[in-house]
Amino acid sequence: MESPVLRVKPTVTGPAVCVILLLLGAGAVPGFAQASVSLEIEPDEIYANEPFTVSIRVEDFSRCEQPDFPDLPQAIVRRVEGGGESMFTTIVNGRTTVKRSRTYTFHVTPQEAGDLTIPPIKLVVDGRTVQTEPVQVKVHPSDAQELLWVEITCDRQRIYVGQRVRLVMTIYVKPLQVQGYRISSQDMMNFLIAVNFGPFPTSNIERDTRKLDRPDGGKETYFTYRTITDYVPDRPGLLNFDDIQVGMRYPVRLTRDIFGRLEATAYRTLIATPKPSDVSVLALPTQGRPANFTGAVGTFDLTVLAEPTAVRVGDPIKLTMEIRGDGPLETLPPPNLTADPKLTGGFRVPQEELAGKVVGGRKRFTQVIRAERSDLTEIPRLEYPYFDPDREMYVVALSEAIPLKVMPAAELNTSALVERMDPPAANNQTLHALDGLHGNETREARLLASTAPVSLNALALATIGPPAGYLIAWACLSYARAGGSIRHRRQKALRQARARLAQAQKLPARQAAAEITAALTGYLAERLNEPPARFIGPAAAGFLAQRNASAAVREQWQSIVERCEQLSFGGLGTDTPAALAESADQCLRALERERL
Amino acid sequence: MRRLILSVIAIVGLTCSVSIAEEMSPERQREVLREAQSAFDQAVELAHNQPERSQELYRQAVAGFSALIEAGVRNAALEYNLGNAYFRLNELGAAILHYARAQQLDPADQKIAANLEYARRQVEPAIERSGQTRLVRSLLFLHYDTALHGRFWAAVVLSVVGWFLLTLRLRWPRREFVITGGLAVGLALSFAASVIWQVREDARHPRAVLVGSPTILRLGRGEGYDPALQQPLGPGVEMRVLQQRGDWAEVRLPNDQTGWLPLAVLEAV
């Protein structure tokens, strides 16, 4: 069923408790007002054989017992479990007032038209016996048959047990037009209730509109809803669908909600069962029934495949039997091979009940048989008896015979069957024994070799070891590369410093002094991987002291720096650039020997 | 009668050798092997004229091969020969059990595969693998059709070679090293995963063979439960053990049918 578009207001309130507390003071003492009882009936118009609702509402009570609905000779009464209850509490100036209400609901189905009196209904409220006023309702003759009915049709009048037939269930619903609203076929379908559709599916329902003849000669339009099923009767007699019930909440009052959607505010509950069928289901005749008949009804073909077709006595032969036809494949029984003397006369056939599988419009059974004699030349034509309901007689479907080559099994146990035991050092080609069994392995080396079991630990070691080696190699290489760079820079520092000293000797005195100073500071910067600015002037001596350079070297460094300054700024000394460069070179050599 | 007593003595002697199996020297192993092979050969020759004597000799061969296996000699050839001896004794369940063990050790051996297939064809009822199982086995043929040891060593060798090539790439950054090494490492991981999966699967759901008399597969662990199959399972039917409870085991047949069997009729591969 599709989701409803129209919404129906519930007529029976579910259990609910509403409490409003107005705390205006402390020490509130609850109190109840005088209890009252009222009776309500829905809907307004009541029809024979259609249930209507009787609600007894009790208000302002503290204790209330279940009412006792009197028996009605013209109606069936059924109590609806789970009546609604609500409570409203107010506290004003310390006084608490509790208003409590409870509803008891009954479904009353009148059996005939006319006046129906609902007598006073007694119930005990707060210890007092109270009763409702008697109510008289008018029951109209039922027109439910005109609003909703169901019909089941079959394309045949006589069918057999086990025969697959197509059944169509058609639900007829009279279109509704009230208060200017007309409900569409789609919307009316949403009011249908599949109480019990039996074998018919509740989905894929076809909708249509038909005009039917009225008794007065006119035409009446009906919405129809069709659902179709394939049915296989399992017992003889009239086709019977008494258990099918189609329900409908037939709306009688409609309004539009604030969104403009149609909403049913009152409805009639209709139940329809299909009219008795006139289709006869016949039992299968016993006359002419084959002994190996297994119950297939319809028309069928049998195809058999065998594999392999060249075997020895006792070897398994797989028979694949495919049955195709118009009968019910899902419940189709397998061929009774054990009852076929032509087959059991030469083959061993298991007693196992075959399950079978429906594959692409055919049912496939497989069975393994074994040849018992070597003189068999074929698998005989297999039989699949069935009852043809159209011809009303038993028919036997026959497969084609399958040529078979069966070799004797006597060869199986001869000693000649085993291959020779010659040491096959040069001849290890396997000989195929006559019975299909290969001979023993004779090579001692192979027979006495031992294979250590595979352990996950060994596998883990073998899997983790190589990548671990890779990581070690990568780490070593990275370390070597980093160390080599430092070493290379240090060697380069000495070469560059000495080259600058050699260059300084060719320069004028002032520039030579600056160049020699720069060569020394540059050397230290490169060797110690520090910026050259750290070694300008007296800072270098302090740094050398921190690095534990010898006092002699520090003095030598300090002396050269001072001489360079004298040569550069004062011009007081007797140094020449060549002598100064020579001293600086000696200082560098001394520094090379130091571990800074 | 005298011959029977001698046979019994011979079997007892071989059985005693089993009890000291762990101490069996290589010379003794060769001696036991030759005796077993000789007994098998004689049994084959006498099969026609003296079938009873032939059966005794087959039993001697079985005892000899079994003694070697219990001494720690574990290889496909020995299990295969033992399977042949059991087959000649018409003990189909034991024959298939040892053929299956042999195949587990060497799945590529054609003789083992052929004899196992031949023996399986004698089993009743013939149980086919389910279609899904066949498809999985086709797709994962490397996993199912190669020996566990083979895959183990393939994983080891490919891992070593692959990582060695990747290590070479650190010094000589060549593209060939990366591609070949990466491929080898990937294959090694696949083989390793296959080995791990099989070892774990065999531990969780071990393969087993029905070696006792025909037994009914039942829906529960007890003789009072309804049969899962009407026809009893004959010796040689292979299965996986899903769980054990008391004296019963829940098993799954190759066609995915499950049920319960007494533990006493089963033997793990």
# chains A, B, ... in the order shown; residues from 1 in each chain; ligands from 1
$ interface_residues --of "chain A" --to "chain B" --cutoff "7 Å" --atoms "only C-alpha atoms" --output "PyMOL selection string"
chain A and resi 315-316+352+368+414-415+436-438+440-441+446-451+454+456+462-463+466-467+470+473-474
$ select_by_dssp --residues "segment 222-266 of chain B" --states "strand (DSSP E)" --output "list in words"
Glu238, Met239, Arg240, Val241, Leu242, Gln243, Gln244, Arg245, Trp248, Ala249, Glu250, Val251, Arg252, Thr258, Gly259, Trp260, Leu261, Pro262 and Leu266 of chain B
$ residues_around --residues "Ile118 of chain A" --least-positions-apart "6" --cutoff "8 Å" --atoms "only C-alpha atoms" --output "PyMOL selection string"
chain A and resi 72+134-137
$ residues_around --residues "segment 370-375 of chain A" --least-positions-apart "5" --cutoff "12 Å" --atoms "only C-alpha atoms" --output "PyMOL selection string"
(chain A and resi 306-319+343-350+380+404-411) or (chain B and resi 121-126)
$ atom_distance --atom1 "atom CA of Arg204 of chain B" --atom2 "atom CA of Leu140 of chain B"
19.9 Å
$ closest_residue --among "B:Gln198, B:Arg218, B:Glu128, B:Gly236" --to "Gln367 of chain A" --atoms "only C-alpha atoms"
B:Glu128
$ atom_distance --atom1 "atom CA of Gln244 of chain B" --atom2 "atom CA of Trp260 of chain B"
9.3 Å
$ atom_distance --atom1 "atom CA of Thr338 of chain A" --atom2 "atom CA of Val359 of chain A"
24.2 Å
$ select_by_dssp --residues "segment 68-237 of chain A" --states "helix (DSSP H, G or I)" --output "PyMOL selection string"
chain A and resi 144-147+185-189
$ residues_around --residues "segment 519-524 of chain A" --least-positions-apart "5" --cutoff "12 Å" --atoms "only C-alpha atoms" --output "mmCIF file with N, CA and C atoms, in the first residue's frame"
data_model
loop_
_atom_site.group_PDB
_atom_site.id
_atom_site.type_symbol
_atom_site.label_atom_id
_atom_site.label_comp_id
_atom_site.auth_asym_id
_atom_site.auth_seq_id
_atom_site.Cartn_x
_atom_site.Cartn_y
_atom_site.Cartn_z
ATOM 1 N N ARG A 489 84.299 20.233 4.776
ATOM 2 C CA ARG A 489 84.331 21.682 5.011
ATOM 3 C C ARG A 489 85.607 22.084 5.770
ATOM 4 N N ARG A 490 85.977 21.201 6.695
ATOM 5 C CA ARG A 490 87.171 21.500 7.496
ATOM 6 C C ARG A 490 88.426 21.483 6.625
ATOM 7 N N GLN A 491 88.524 20.466 5.760
ATOM 8 C CA GLN A 491 89.700 20.400 4.864
ATOM 9 C C GLN A 491 89.713 21.610 3.927
ATOM 10 N N LYS A 492 88.560 21.971 3.510
ATOM 11 C CA LYS A 492 88.442 23.105 2.583
ATOM 12 C C LYS A 492 88.864 24.401 3.282
ATOM 13 N N ALA A 493 88.558 24.482 4.608
ATOM 14 C CA ALA A 493 88.906 25.687 5.371
ATOM 15 C C ALA A 493 90.406 25.939 5.357
ATOM 16 N N LEU A 494 91.206 24.919 5.574
ATOM 17 C CA LEU A 494 92.664 25.096 5.602
ATOM 18 C C LEU A 494 93.190 25.500 4.224
ATOM 19 N N ARG A 495 92.641 24.831 3.194
ATOM 20 C CA ARG A 495 93.112 25.135 1.837
ATOM 21 C C ARG A 495 92.809 26.580 1.471
ATOM 22 N N GLN A 496 91.632 26.999 1.784
ATOM 23 C CA GLN A 496 91.229 28.366 1.420
ATOM 24 C C GLN A 496 92.055 29.399 2.198
ATOM 25 N N ALA A 497 92.276 29.105 3.489
ATOM 26 C CA ALA A 497 93.037 30.053 4.320
ATOM 27 C C ALA A 497 94.460 30.201 3.793
ATOM 28 N N ARG A 498 95.070 29.117 3.430
ATOM 29 C CA ARG A 498 96.452 29.187 2.947
ATOM 30 C C ARG A 498 96.518 29.882 1.585
ATOM 31 N N ALA A 499 95.504 29.656 0.785
ATOM 32 C CA ALA A 499 95.468 30.341 -0.512
ATOM 33 C C ALA A 499 95.357 31.854 -0.324
ATOM 34 N N ARG A 500 94.548 32.252 0.669
ATOM 35 C CA ARG A 500 94.395 33.688 0.916
ATOM 36 C C ARG A 500 95.693 34.286 1.460
ATOM 37 N N LEU A 501 96.412 33.480 2.274
ATOM 38 C CA LEU A 501 97.696 33.968 2.801
ATOM 39 C C LEU A 501 98.686 34.180 1.656
ATOM 40 N N ALA A 502 98.682 33.247 0.733
ATOM 41 C CA ALA A 502 99.581 33.376 -0.419
ATOM 42 C C ALA A 502 99.217 34.608 -1.244
ATOM 43 N N GLN A 503 97.944 34.850 -1.358
ATOM 44 C CA GLN A 503 97.483 36.012 -2.116
ATOM 45 C C GLN A 503 97.861 37.310 -1.403
ATOM 46 N N ALA A 504 97.808 37.256 -0.045
ATOM 47 C CA ALA A 504 98.078 38.458 0.746
ATOM 48 C C ALA A 504 99.503 38.976 0.560
ATOM 49 N N ALA A 512 97.138 43.696 2.797
ATOM 50 C CA ALA A 512 97.657 42.375 3.143
ATOM 51 C C ALA A 512 97.287 42.017 4.573
ATOM 52 N N ALA A 513 97.397 43.021 5.453
ATOM 53 C CA ALA A 513 97.045 42.761 6.862
ATOM 54 C C ALA A 513 95.564 42.353 6.989
ATOM 55 N N ALA A 514 94.742 43.085 6.280
ATOM 56 C CA ALA A 514 93.302 42.761 6.343
ATOM 57 C C ALA A 514 93.018 41.367 5.782
ATOM 58 N N ASN A 529 82.434 25.520 12.034
ATOM 59 C CA ASN A 529 81.057 25.613 11.536
ATOM 60 C C ASN A 529 80.284 26.715 12.251
ATOM 61 N N GLU A 530 80.942 27.881 12.341
ATOM 62 C CA GLU A 530 80.345 29.039 13.017
ATOM 63 C C GLU A 530 80.410 30.224 12.056
ATOM 64 N N PRO A 531 79.606 31.264 12.322
ATOM 65 C CA PRO A 531 79.704 32.464 11.461
ATOM 66 C C PRO A 531 81.027 33.212 11.692
ATOM 67 N N PRO A 532 81.625 33.779 10.657
ATOM 68 C CA PRO A 532 82.947 34.441 10.782
ATOM 69 C C PRO A 532 82.919 35.610 11.766
ATOM 70 N N ALA A 533 81.784 36.247 11.949
ATOM 71 C CA ALA A 533 81.716 37.429 12.817
ATOM 72 C C ALA A 533 82.102 37.103 14.259
ATOM 73 N N ARG A 534 81.992 35.849 14.638
ATOM 74 C CA ARG A 534 82.291 35.475 16.021
ATOM 75 C C ARG A 534 83.796 35.513 16.301
ATOM 76 N N PHE A 535 84.605 35.582 15.260
ATOM 77 C CA PHE A 535 86.071 35.449 15.468
ATOM 78 C C PHE A 535 86.819 36.733 15.132
ATOM 79 N N ILE A 536 86.140 37.848 15.045
ATOM 80 C CA ILE A 536 86.809 39.119 14.710
ATOM 81 C C ILE A 536 87.434 39.693 15.980
ATOM 82 N N GLY A 537 88.697 40.138 15.869
ATOM 83 C CA GLY A 537 89.398 40.792 16.976
ATOM 84 C C GLY A 537 89.645 39.868 18.155
ATOM 85 N N PRO A 538 89.535 40.424 19.367
ATOM 86 C CA PRO A 538 89.876 39.635 20.560
ATOM 87 C C PRO A 538 88.864 38.527 20.844
ATOM 88 N N ALA A 539 87.703 38.555 20.183
ATOM 89 C CA ALA A 539 86.690 37.513 20.430
ATOM 90 C C ALA A 539 87.227 36.127 20.095
ATOM 91 N N ALA A 540 88.095 36.066 19.103
ATOM 92 C CA ALA A 540 88.613 34.769 18.675
ATOM 93 C C ALA A 540 89.443 34.133 19.791
ATOM 94 N N ALA A 541 90.246 34.972 20.492
ATOM 95 C CA ALA A 541 91.088 34.423 21.560
ATOM 96 C C ALA A 541 90.218 33.810 22.661
ATOM 97 N N PHE A 543 87.222 32.655 22.335
ATOM 98 C CA PHE A 543 86.558 31.449 21.824
ATOM 99 C C PHE A 543 87.520 30.258 21.832
ATOM 100 N N LEU A 544 88.805 30.548 21.472
ATOM 101 C CA LEU A 544 89.805 29.472 21.474
ATOM 102 C C LEU A 544 90.038 28.970 22.899
ATOM 103 N N ARG A 547 87.350 26.610 23.798
ATOM 104 C CA ARG A 547 87.499 25.297 23.136
ATOM 105 C C ARG A 547 88.774 24.570 23.563
ATOM 106 N N GLN A 556 100.039 32.871 20.069
ATOM 107 C CA GLN A 556 100.475 33.030 18.663
ATOM 108 C C GLN A 556 99.388 33.758 17.858
ATOM 109 N N TRP A 557 98.120 33.312 18.071
ATOM 110 C CA TRP A 557 96.973 33.942 17.378
ATOM 111 C C TRP A 557 96.882 35.421 17.749
ATOM 112 N N GLN A 558 96.984 35.693 19.079
ATOM 113 C CA GLN A 558 96.867 37.082 19.556
ATOM 114 C C GLN A 558 97.987 37.946 18.968
ATOM 115 N N ILE A 560 99.631 37.515 16.184
ATOM 116 C CA ILE A 560 99.457 37.766 14.744
ATOM 117 C C ILE A 560 98.375 38.833 14.532
ATOM 118 N N VAL A 561 97.313 38.746 15.342
ATOM 119 C CA VAL A 561 96.236 39.731 15.180
ATOM 120 C C VAL A 561 96.771 41.144 15.470
ATOM 121 N N CYS A 564 98.977 42.351 12.736
ATOM 122 C CA CYS A 564 98.156 42.737 11.566
ATOM 123 C C CYS A 564 97.584 44.145 11.771
ATOM 124 N N LEU A 580 104.489 38.228 7.922
ATOM 125 C CA LEU A 580 103.227 38.050 8.661
ATOM 126 C C LEU A 580 102.436 36.833 8.136
ATOM 127 N N ALA A 581 102.471 36.687 6.825
ATOM 128 C CA ALA A 581 101.765 35.533 6.240
ATOM 129 C C ALA A 581 102.427 34.232 6.674
ATOM 130 N N SER A 583 104.012 33.749 9.521
ATOM 131 C CA SER A 583 103.615 33.501 10.918
ATOM 132 C C SER A 583 102.165 32.957 10.984
ATOM 133 N N ALA A 584 101.314 33.562 10.156
ATOM 134 C CA ALA A 584 99.922 33.108 10.148
ATOM 135 C C ALA A 584 99.821 31.648 9.675
ATOM 136 N N ASP A 585 100.623 31.297 8.698
ATOM 137 C CA ASP A 585 100.618 29.918 8.212
ATOM 138 C C ASP A 585 101.048 28.956 9.321
ATOM 139 N N GLN A 586 102.080 29.389 10.087
ATOM 140 C CA GLN A 586 102.518 28.534 11.205
ATOM 141 C C GLN A 586 101.384 28.391 12.250
ATOM 142 N N CYS A 587 100.717 29.509 12.459
ATOM 143 C CA CYS A 587 99.609 29.469 13.426
ATOM 144 C C CYS A 587 98.495 28.488 12.964
ATOM 145 N N LEU A 588 98.238 28.548 11.674
ATOM 146 C CA LEU A 588 97.211 27.638 11.136
ATOM 147 C C LEU A 588 97.634 26.176 11.303
ATOM 148 N N ARG A 589 98.907 25.919 11.039
ATOM 149 C CA ARG A 589 99.404 24.540 11.200
ATOM 150 C C ARG A 589 99.253 24.086 12.654
ATOM 151 N N LEU A 591 97.109 25.258 14.765
ATOM 152 C CA LEU A 591 95.666 25.064 15.026
ATOM 153 C C LEU A 591 95.153 23.730 14.460
ATOM 154 N N GLU A 592 95.706 23.318 13.343
ATOM 155 C CA GLU A 592 95.297 22.036 12.739
ATOM 156 C C GLU A 592 95.586 20.873 13.679
ATOM 157 N N GLU A 594 95.508 21.112 16.865
ATOM 158 C CA GLU A 594 94.689 21.236 18.089
ATOM 159 C C GLU A 594 93.335 20.530 17.887
ATOM 160 N N LEU A 596 89.878 21.202 18.682
ATOM 161 C CA LEU A 596 89.000 22.284 19.154
ATOM 162 C C LEU A 596 87.602 21.762 19.397
#
$ closest_residue --among "A:Gln34, A:Thr209, A:Gln245, A:Thr53" --to "Val130 of chain A" --atoms "only C-alpha atoms"
A:Gln34
$ residues_around --residues "Ala249 of chain B" --least-positions-apart "6" --cutoff "8 Å" --atoms "only C-alpha atoms" --output "MDAnalysis selection string"
chainID B and resid 221 241:243 260:263
$ residues_around --residues "Thr286 of chain A" --least-positions-apart "2" --cutoff "12 Å" --atoms "only C-alpha atoms" --output "ChimeraX atom specification"
/A:282-284,288-291,293,295,387,392-394
$ closest_residue --among "A:Leu192, A:Ile402, A:Val396, A:Ala296" --to "Leu376 of chain A" --atoms "only C-alpha atoms"
A:Ile402
